[in-house]
>>> print(open('data-v3.csv').read())   # CSV, C-alpha atoms
chain,number,residue,atom,x,y,z
A,22,MET,CA,0.0,0.0,0.0
A,23,LYS,CA,1.2,3.5,-0.9
A,24,VAL,CA,0.1,6.8,0.5
A,25,ILE,CA,-0.2,10.1,-1.3
A,26,ILE,CA,-0.9,13.4,0.5
A,27,VAL,CA,-2.5,15.8,-2.0
A,28,ASN,CA,-0.4,19.1,-2.3
A,29,GLU,CA,-1.6,22.6,-3.2
A,30,LYS,CA,-0.6,22.2,-6.9
A,31,GLN,CA,-2.8,19.1,-7.1
A,32,ASN,CA,-5.8,20.7,-5.4
A,33,ASN,CA,-9.1,20.3,-7.3
A,34,LYS,CA,-7.5,17.8,-9.7
A,35,LYS,CA,-9.0,14.4,-10.7
A,36,LEU,CA,-7.8,11.4,-8.8
A,37,ASP,CA,-6.2,9.8,-11.8
A,38,LYS,CA,-4.0,12.8,-12.5
A,39,VAL,CA,-2.6,12.9,-9.0
A,40,VAL,CA,-2.0,9.1,-8.9
A,41,PHE,CA,-0.2,9.1,-12.3
A,42,GLU,CA,1.9,12.1,-11.2
A,43,SER,CA,3.0,10.1,-8.2
A,44,PHE,CA,3.5,6.8,-10.1
A,45,PRO,CA,4.2,7.7,-13.8
A,46,ASN,CA,4.9,4.1,-14.7
A,47,LEU,CA,1.5,2.9,-13.6
A,48,SER,CA,-0.6,1.7,-16.5
A,49,SER,CA,-4.1,3.1,-17.1
A,50,ASN,CA,-5.5,-0.4,-17.2
A,51,THR,CA,-4.1,-1.2,-13.7
A,52,PHE,CA,-5.3,2.1,-12.3
A,53,TYR,CA,-8.9,1.7,-13.5
A,54,LYS,CA,-9.0,-1.9,-12.6
A,55,ALA,CA,-8.0,-0.9,-9.0
A,56,LEU,CA,-10.8,1.7,-9.1
A,57,ARG,CA,-13.4,-0.8,-10.1
A,58,LYS,CA,-12.3,-3.2,-7.3
A,59,LYS,CA,-12.3,-0.2,-4.8
A,60,ASP,CA,-8.6,-0.7,-4.1
A,61,ILE,CA,-8.1,3.0,-3.9
A,62,ARG,CA,-9.2,5.1,-0.9
A,63,VAL,CA,-9.6,8.8,-0.4
A,64,ASN,CA,-9.6,9.8,3.3
A,65,ASP,CA,-10.1,6.2,4.1
A,66,LYS,CA,-13.3,6.0,2.0
A,67,ARG,CA,-13.2,3.4,-0.9
A,68,VAL,CA,-13.9,5.0,-4.2
A,69,SER,CA,-14.9,3.4,-7.5
A,70,GLU,CA,-15.0,6.6,-9.6
A,71,ASN,CA,-12.4,9.1,-10.8
A,72,VAL,CA,-13.3,11.7,-8.1
A,73,ILE,CA,-11.9,15.2,-7.5
A,74,VAL,CA,-9.4,15.5,-4.7
A,75,PHE,CA,-8.3,18.5,-2.7
A,76,ALA,CA,-5.2,19.7,-0.8
A,77,ASN,CA,-4.4,17.6,2.2
A,78,ASP,CA,-6.6,14.7,1.1
A,79,VAL,CA,-5.0,11.3,1.9
A,80,ILE,CA,-5.0,8.8,-1.0
A,81,LYS,CA,-4.2,5.2,-0.2
A,82,VAL,CA,-3.3,3.0,-3.2
A,83,PHE,CA,-3.6,-0.8,-2.8
A,84,ILE,CA,-1.7,-1.8,-5.9
A,85,ALA,CA,1.3,-4.1,-5.9
A,86,ASP,CA,4.7,-2.3,-5.9
A,87,GLU,CA,5.8,-4.1,-9.1
A,88,LEU,CA,2.8,-2.7,-11.0
A,89,LEU,CA,3.3,0.8,-9.5
A,90,GLU,CA,7.0,1.0,-10.4
A,91,ASN,CA,6.9,-0.9,-13.7
A,92,LYS,CA,9.8,0.5,-15.8
A,93,PRO,CA,8.7,1.5,-19.3
A,94,ILE,CA,10.5,-0.1,-22.3
A,95,ILE,CA,12.0,2.7,-24.4
A,96,SER,CA,13.2,1.7,-27.9
A,97,ILE,CA,15.9,3.7,-29.6
A,98,VAL,CA,14.9,4.1,-33.3
A,99,TYR,CA,17.9,6.1,-34.5
A,100,GLU,CA,21.0,7.8,-32.9
A,101,ASP,CA,24.1,9.6,-34.1
A,102,ASP,CA,26.4,12.2,-32.6
A,103,TYR,CA,23.8,14.9,-32.7
A,104,ILE,CA,20.3,13.5,-32.4
A,105,LEU,CA,18.4,10.7,-30.7
A,106,VAL,CA,15.0,9.3,-31.8
A,107,VAL,CA,13.1,7.1,-29.4
A,108,ASP,CA,9.7,5.4,-29.5
A,109,LYS,CA,7.8,6.8,-26.5
A,110,PRO,CA,5.4,4.4,-24.7
A,111,SER,CA,2.0,5.3,-23.4
A,112,ASN,CA,1.4,6.6,-19.9
A,113,LEU,CA,4.7,8.6,-19.8
A,114,GLU,CA,5.3,12.3,-19.9
A,115,VAL,CA,8.0,13.7,-22.2
A,116,VAL,CA,9.3,16.1,-19.6
A,117,GLY,CA,9.1,16.4,-15.8
A,118,GLU,CA,9.9,14.1,-12.9
A,119,ASN,CA,10.1,10.4,-13.8
A,120,SER,CA,9.5,11.3,-17.5
A,121,LEU,CA,10.9,10.1,-20.7
A,122,THR,CA,13.6,12.8,-20.7
A,123,SER,CA,14.6,12.2,-17.0
A,124,LEU,CA,14.9,8.4,-17.7
A,125,LEU,CA,17.2,9.0,-20.6
A,126,GLN,CA,19.3,12.0,-19.4
A,127,GLY,CA,21.5,9.9,-17.1
A,128,ASN,CA,23.1,8.3,-20.1
A,129,TYR,CA,24.1,11.6,-21.8
A,130,THR,CA,26.1,14.7,-21.0
A,131,PHE,CA,23.4,16.8,-22.9
A,132,LEU,CA,20.0,15.7,-24.0
A,133,GLU,CA,16.9,17.9,-24.6
A,134,PRO,CA,13.6,17.1,-26.3
A,135,CYS,CA,12.8,19.1,-29.4
A,136,HIS,CA,9.0,18.6,-29.1
A,137,ARG,CA,6.5,16.8,-26.9
A,138,LEU,CA,3.8,14.2,-27.1
A,139,ASP,CA,0.8,13.8,-24.8
A,140,ARG,CA,1.2,11.4,-21.9
A,141,ASN,CA,-1.0,8.7,-23.4
A,142,THR,CA,0.2,9.2,-27.0
A,143,THR,CA,2.8,6.8,-28.3
A,144,GLY,CA,5.2,7.7,-31.1
A,145,LEU,CA,8.6,9.1,-32.0
A,146,VAL,CA,10.3,11.8,-29.9
A,147,LEU,CA,13.3,13.7,-31.3
A,148,PHE,CA,16.1,14.7,-28.9
A,149,ALA,CA,19.1,16.9,-29.5
A,150,LYS,CA,22.4,15.8,-28.0
A,151,THR,CA,24.2,19.1,-28.3
A,152,GLN,CA,23.0,22.7,-27.8
A,153,GLU,CA,23.9,23.5,-31.4
A,154,ALA,CA,21.7,20.6,-32.7
A,155,LEU,CA,18.9,21.8,-30.4
A,156,ASP,CA,18.9,25.3,-31.7
A,157,ILE,CA,18.9,24.1,-35.3
A,158,LEU,CA,16.1,21.6,-34.8
A,159,LEU,CA,13.9,24.0,-32.9
A,160,ASP,CA,14.3,26.5,-35.7
A,161,LYS,CA,13.3,23.9,-38.3
A,162,PHE,CA,10.2,23.0,-36.3
A,163,LYS,CA,9.3,26.7,-36.1
A,164,LYS,CA,9.7,27.1,-39.8
A,165,HIS,CA,7.7,23.9,-40.5
A,166,GLU,CA,10.7,22.3,-42.2
A,167,ILE,CA,10.1,19.3,-40.0
A,168,GLU,CA,6.6,17.9,-40.1
A,169,LYS,CA,4.8,16.1,-37.3
A,170,HIS,CA,2.4,13.4,-38.3
A,171,TYR,CA,0.0,11.5,-36.1
A,172,LEU,CA,-2.1,8.4,-36.7
A,173,ALA,CA,-5.6,8.6,-35.2
A,174,THR,CA,-8.6,6.3,-35.4
A,175,VAL,CA,-11.9,8.2,-35.3
A,176,TYR,CA,-15.5,7.4,-35.2
A,177,GLY,CA,-17.2,7.8,-38.6
A,178,ILE,CA,-16.5,7.9,-42.3
A,179,LEU,CA,-15.3,11.3,-43.4
A,180,PRO,CA,-16.9,12.8,-46.5
A,181,LYS,CA,-13.6,14.3,-47.7
A,182,LYS,CA,-10.6,11.9,-48.0
A,183,GLN,CA,-8.2,14.8,-47.2
A,184,ALA,CA,-8.7,18.3,-46.0
A,185,LYS,CA,-7.1,21.3,-44.3
A,186,LEU,CA,-9.2,22.3,-41.2
A,187,GLU,CA,-9.1,25.8,-39.8
A,188,ALA,CA,-10.7,27.1,-36.6
A,189,TYR,CA,-9.9,29.2,-33.5
A,190,LEU,CA,-9.0,27.7,-30.1
A,191,PHE,CA,-9.2,29.1,-26.6
A,192,LYS,CA,-7.4,27.4,-23.7
A,193,ASP,CA,-9.1,27.7,-20.3
A,194,SER,CA,-6.1,26.8,-18.0
A,195,LYS,CA,-8.2,26.9,-14.8
A,196,LYS,CA,-10.7,24.3,-16.1
A,197,SER,CA,-8.1,22.4,-18.2
A,198,LEU,CA,-10.4,22.7,-21.2
A,199,VAL,CA,-10.2,24.1,-24.7
A,200,TYR,CA,-13.0,25.7,-26.7
A,201,LEU,CA,-13.2,26.0,-30.5
A,202,SER,CA,-14.9,28.5,-32.8
A,203,ASP,CA,-15.3,29.0,-36.5
A,204,GLU,CA,-14.8,32.7,-36.1
A,205,PRO,CA,-12.0,34.7,-34.5
A,206,LYS,CA,-12.7,35.8,-30.9
A,207,LYS,CA,-10.8,37.6,-28.2
A,208,GLY,CA,-8.3,35.2,-26.6
A,209,TYR,CA,-8.7,32.6,-29.3
A,210,GLN,CA,-5.8,31.5,-31.5
A,211,LYS,CA,-6.0,30.2,-35.0
A,212,ILE,CA,-5.3,26.4,-35.5
A,213,VAL,CA,-4.7,24.5,-38.7
A,214,THR,CA,-5.0,20.7,-38.8
A,215,SER,CA,-4.6,18.7,-42.0
A,216,TYR,CA,-5.7,15.1,-42.4
A,217,GLN,CA,-5.7,12.3,-45.0
A,218,VAL,CA,-7.7,9.2,-44.7
A,219,VAL,CA,-5.4,6.1,-44.6
A,220,LYS,CA,-8.0,3.4,-44.1
A,221,GLU,CA,-11.8,3.1,-43.7
A,222,ASP,CA,-13.7,0.4,-41.8
A,223,LYS,CA,-17.3,0.9,-42.9
A,224,LYS,CA,-18.5,-2.2,-41.0
A,225,ASN,CA,-17.4,-0.6,-37.7
A,226,ASN,CA,-17.9,3.0,-38.9
A,227,THR,CA,-14.3,4.1,-38.2
A,228,SER,CA,-11.5,5.8,-40.1
A,229,LEU,CA,-7.7,5.8,-39.6
A,230,LEU,CA,-6.3,9.2,-40.3
A,231,ASP,CA,-2.8,10.6,-41.0
A,232,VAL,CA,-2.9,14.0,-39.2
A,233,ASN,CA,-0.4,16.8,-39.8
A,234,LEU,CA,-0.3,19.8,-37.4
A,235,GLU,CA,0.5,23.1,-39.0
A,236,THR,CA,0.0,24.7,-35.6
A,237,GLY,CA,0.6,23.0,-32.3
A,238,LYS,CA,-1.9,24.0,-29.6
A,239,THR,CA,-3.1,22.1,-26.5
A,240,HIS,CA,-5.3,19.2,-27.4
A,241,GLN,CA,-5.5,20.4,-31.0
A,242,ILE,CA,-6.0,17.1,-32.7
A,243,ARG,CA,-8.5,15.7,-30.3
A,244,ALA,CA,-10.5,18.9,-30.1
A,245,HIS,CA,-10.5,19.7,-33.8
A,246,LEU,CA,-11.6,16.3,-34.9
A,247,ALA,CA,-14.3,16.1,-32.3
A,248,TYR,CA,-15.4,19.6,-33.3
A,249,ILE,CA,-16.1,18.5,-36.9
A,250,GLY,CA,-18.0,15.4,-35.6
A,251,PHE,CA,-15.3,12.7,-35.8
A,252,PRO,CA,-13.9,12.2,-32.3
A,253,ILE,CA,-10.9,10.0,-31.6
A,254,ILE,CA,-11.9,6.5,-30.4
A,255,GLY,CA,-11.4,6.2,-26.6
A,256,ASP,CA,-11.3,10.0,-26.0
A,257,ARG,CA,-13.7,10.5,-23.1
A,258,LYS,CA,-13.2,14.2,-22.9
A,259,VAL,CA,-16.2,16.4,-24.1
A,260,TRP,CA,-15.0,19.3,-26.3
>>> encode(input="data-v3.csv", output="structure tokens")
Amino acid sequence: MKVIIVNEKQNNKKLDKVVFESFPNLSSNTFYKALRKKDIRVNDKRVSENVIVFANDVIKVFIADELLENKPIISIVYEDDYILVVDKPSNLEVVGENSLTSLLQGNYTFLEPCHRLDRNTTGLVLFAKTQEALDILLDKFKKHEIEKHYLATVYGILPKKQAKLEAYLFKDSKKSLVYLSDEPKKGYQKIVTSYQVVKEDKKNNTSLLDVNLETGKTHQIRAHLAYIGFPIIGDRKVW
């Protein structure tokens, strides 16, 4: 059994966010299975839902240590004297404590990520191994000389097999939500998301998309695809 005391920064956050911050190698499946079995307690009360927790709440996690501390397998896809490309597993932040970056930095004199992926997104992350390489790569990302492509499976069959989507996005940091609009508004920033249909499954009413970000805002892909009526499968957030 492990104990977590909710701190001020974690105040008013969902239980899963606090637990994953404390145990970044814990899998989502293991966490939600523990919730269903009521193996997680908040202030000594068993909970079966992803509740909100507050500062000074006491969370007790009854999950085996080997599942809590499971070390992720990180595959090196390419490496030379200047860059490192690794395949990031799910349920791992790119930066921060117990992150992909912190796990790798002990093996290098200099190592900095050139971009990020969401915690639950798998895929290639590019690292620079020198300050000069970092400056060059960040400049290339800024000038869109390096493209970032994402594969996403969505509900529905899209009428257009490829398109460039444009909208305006507002990030509400207090609520951890984003809002989209077709028209420019105060505080909203323009987003551009391009997609191409890779595969359609009409029997199950799903499509596999190759998505290219021309802008990189918080939750852009998830929010933009849901906004046009084709949400990513498994995305429980309401946009």
>>> atom_distance(input="data-v3.csv", atom1="CA of Asp101 in chain A", atom2="CA of Thr236 in chain A")
28.5 Å
>>> residues_around(input="data-v3.csv", residues="Leu145 in chain A", least_positions_apart="5", cutoff="8 Å", atoms="all atoms listed in the file", output="list in words")
Val106, Val107, Asp108 and Lys109 of chain A
>>> write_last_selection(input="data-v3.csv", atoms="C-alpha atoms", output="PDB file, in the frame of the given file")
ATOM      1  CA  VAL A 106      15.000   9.300 -31.800  1.00  0.00           C
ATOM      2  CA  VAL A 107      13.100   7.100 -29.400  1.00  0.00           C
ATOM      3  CA  ASP A 108       9.700   5.400 -29.500  1.00  0.00           C
ATOM      4  CA  LYS A 109       7.800   6.800 -26.500  1.00  0.00           C
TER       5      LYS A 109
END
>>> residues_around(input="data-v3.csv", residues="Ile80 in chain A", least_positions_apart="5", cutoff="8 Å", atoms="only C-alpha atoms", output="ChimeraX atom specification")
/A:24-27,61-65
>>> residues_near_point(input="data-v3.csv", point="(-13.3, 14.1, -33.4)", cutoff="12 Å", atoms="all atoms listed in the file", output="VMD selection string")
chain A and resid 173 to 179 214 216 227 to 230 232 240 to 260
>>> write_last_selection(input="data-v3.csv", atoms="C-alpha atoms", output="compact mmCIF listing (two decimals), in the frame of the given file")
# COMPACT_ATOMS: atom_id res chain seq x y z
CA ALA A 173 -5.60 8.60 -35.20
CA THR A 174 -8.60 6.30 -35.40
CA VAL A 175 -11.90 8.20 -35.30
CA TYR A 176 -15.50 7.40 -35.20
CA GLY A 177 -17.20 7.80 -38.60
CA ILE A 178 -16.50 7.90 -42.30
CA LEU A 179 -15.30 11.30 -43.40
CA THR A 214 -5.00 20.70 -38.80
CA TYR A 216 -5.70 15.10 -42.40
CA THR A 227 -14.30 4.10 -38.20
CA SER A 228 -11.50 5.80 -40.10
CA LEU A 229 -7.70 5.80 -39.60
CA LEU A 230 -6.30 9.20 -40.30
CA VAL A 232 -2.90 14.00 -39.20
CA HIS A 240 -5.30 19.20 -27.40
CA GLN A 241 -5.50 20.40 -31.00
CA ILE A 242 -6.00 17.10 -32.70
CA ARG A 243 -8.50 15.70 -30.30
CA ALA A 244 -10.50 18.90 -30.10
CA HIS A 245 -10.50 19.70 -33.80
CA LEU A 246 -11.60 16.30 -34.90
CA ALA A 247 -14.30 16.10 -32.30
CA TYR A 248 -15.40 19.60 -33.30
CA ILE A 249 -16.10 18.50 -36.90
CA GLY A 250 -18.00 15.40 -35.60
CA PHE A 251 -15.30 12.70 -35.80
CA PRO A 252 -13.90 12.20 -32.30
CA ILE A 253 -10.90 10.00 -31.60
CA ILE A 254 -11.90 6.50 -30.40
CA GLY A 255 -11.40 6.20 -26.60
CA ASP A 256 -11.30 10.00 -26.00
CA ARG A 257 -13.70 10.50 -23.10
CA LYS A 258 -13.20 14.20 -22.90
CA VAL A 259 -16.20 16.40 -24.10
CA TRP A 260 -15.00 19.30 -26.30
>>> residues_near_point(input="data-v3.csv", point="(-5.8, 13.2, -54.0)", cutoff="12 Å", atoms="all atoms listed in the file", output="MDAnalysis selection string")
chainID A and resid 181:184 216:219
>>> write_last_selection(input="data-v3.csv", atoms="C-alpha atoms", output="mmCIF file, keeping the file's coordinate frame")
data_model
loop_
_atom_site.group_PDB
_atom_site.id
_atom_site.type_symbol
_atom_site.label_atom_id
_atom_site.label_comp_id
_atom_site.auth_asym_id
_atom_site.auth_seq_id
_atom_site.Cartn_x
_atom_site.Cartn_y
_atom_site.Cartn_z
ATOM 1 C CA LYS A 181 -13.600 14.300 -47.700
ATOM 2 C CA LYS A 182 -10.600 11.900 -48.000
ATOM 3 C CA GLN A 183 -8.200 14.800 -47.200
ATOM 4 C CA ALA A 184 -8.700 18.300 -46.000
ATOM 5 C CA TYR A 216 -5.700 15.100 -42.400
ATOM 6 C CA GLN A 217 -5.700 12.300 -45.000
ATOM 7 C CA VAL A 218 -7.700 9.200 -44.700
ATOM 8 C CA VAL A 219 -5.400 6.100 -44.600
#
>>> atom_distance(input="data-v3.csv", atom1="CA of Asn112 in chain A", atom2="CA of Leu36 in chain A")
15.2 Å
>>> decode(input="data-v3.csv", residues="range 111-124 of chain A", atoms="N, CA and C atoms", output="short mmCIF file (atom, residue, chain, number, x, y, z; two decimals), in the first residue's frame")
data_model
loop_
_atom_site.label_atom_id
_atom_site.label_comp_id
_atom_site.auth_asym_id
_atom_site.auth_seq_id
_atom_site.Cartn_x
_atom_site.Cartn_y
_atom_site.Cartn_z
N SER A 111 3.14 4.61 -24.04
CA SER A 111 2.00 5.31 -23.45
C SER A 111 2.21 5.48 -21.95
N ASN A 112 1.45 6.40 -21.37
CA ASN A 112 1.44 6.64 -19.92
C ASN A 112 2.79 7.15 -19.41
N LEU A 113 3.43 8.01 -20.21
CA LEU A 113 4.73 8.57 -19.82
C LEU A 113 4.84 9.99 -20.39
N GLU A 114 5.08 10.96 -19.50
CA GLU A 114 5.27 12.34 -19.94
C GLU A 114 6.62 12.46 -20.64
N VAL A 115 6.74 13.44 -21.53
CA VAL A 115 8.02 13.67 -22.20
C VAL A 115 8.99 14.41 -21.28
N VAL A 116 8.48 15.38 -20.50
CA VAL A 116 9.34 16.13 -19.58
C VAL A 116 8.76 16.08 -18.17
N GLY A 117 9.59 16.42 -17.19
CA GLY A 117 9.14 16.42 -15.80
C GLY A 117 9.81 15.31 -15.01
N GLU A 118 9.37 15.16 -13.77
CA GLU A 118 9.92 14.13 -12.90
C GLU A 118 9.47 12.75 -13.37
N ASN A 119 10.37 11.79 -13.37
CA ASN A 119 10.08 10.43 -13.83
C ASN A 119 9.46 10.41 -15.23
N SER A 120 10.02 11.22 -16.09
CA SER A 120 9.54 11.35 -17.47
C SER A 120 10.47 10.64 -18.44
N LEU A 121 10.10 10.63 -19.71
CA LEU A 121 10.95 10.06 -20.75
C LEU A 121 12.31 10.74 -20.74
N THR A 122 12.31 12.06 -20.64
CA THR A 122 13.57 12.81 -20.66
C THR A 122 14.44 12.48 -19.45
N SER A 123 13.84 12.46 -18.25
CA SER A 123 14.62 12.19 -17.05
C SER A 123 15.17 10.76 -17.03
N LEU A 124 14.42 9.82 -17.62
CA LEU A 124 14.89 8.45 -17.68
C LEU A 124 16.10 8.30 -18.61
#
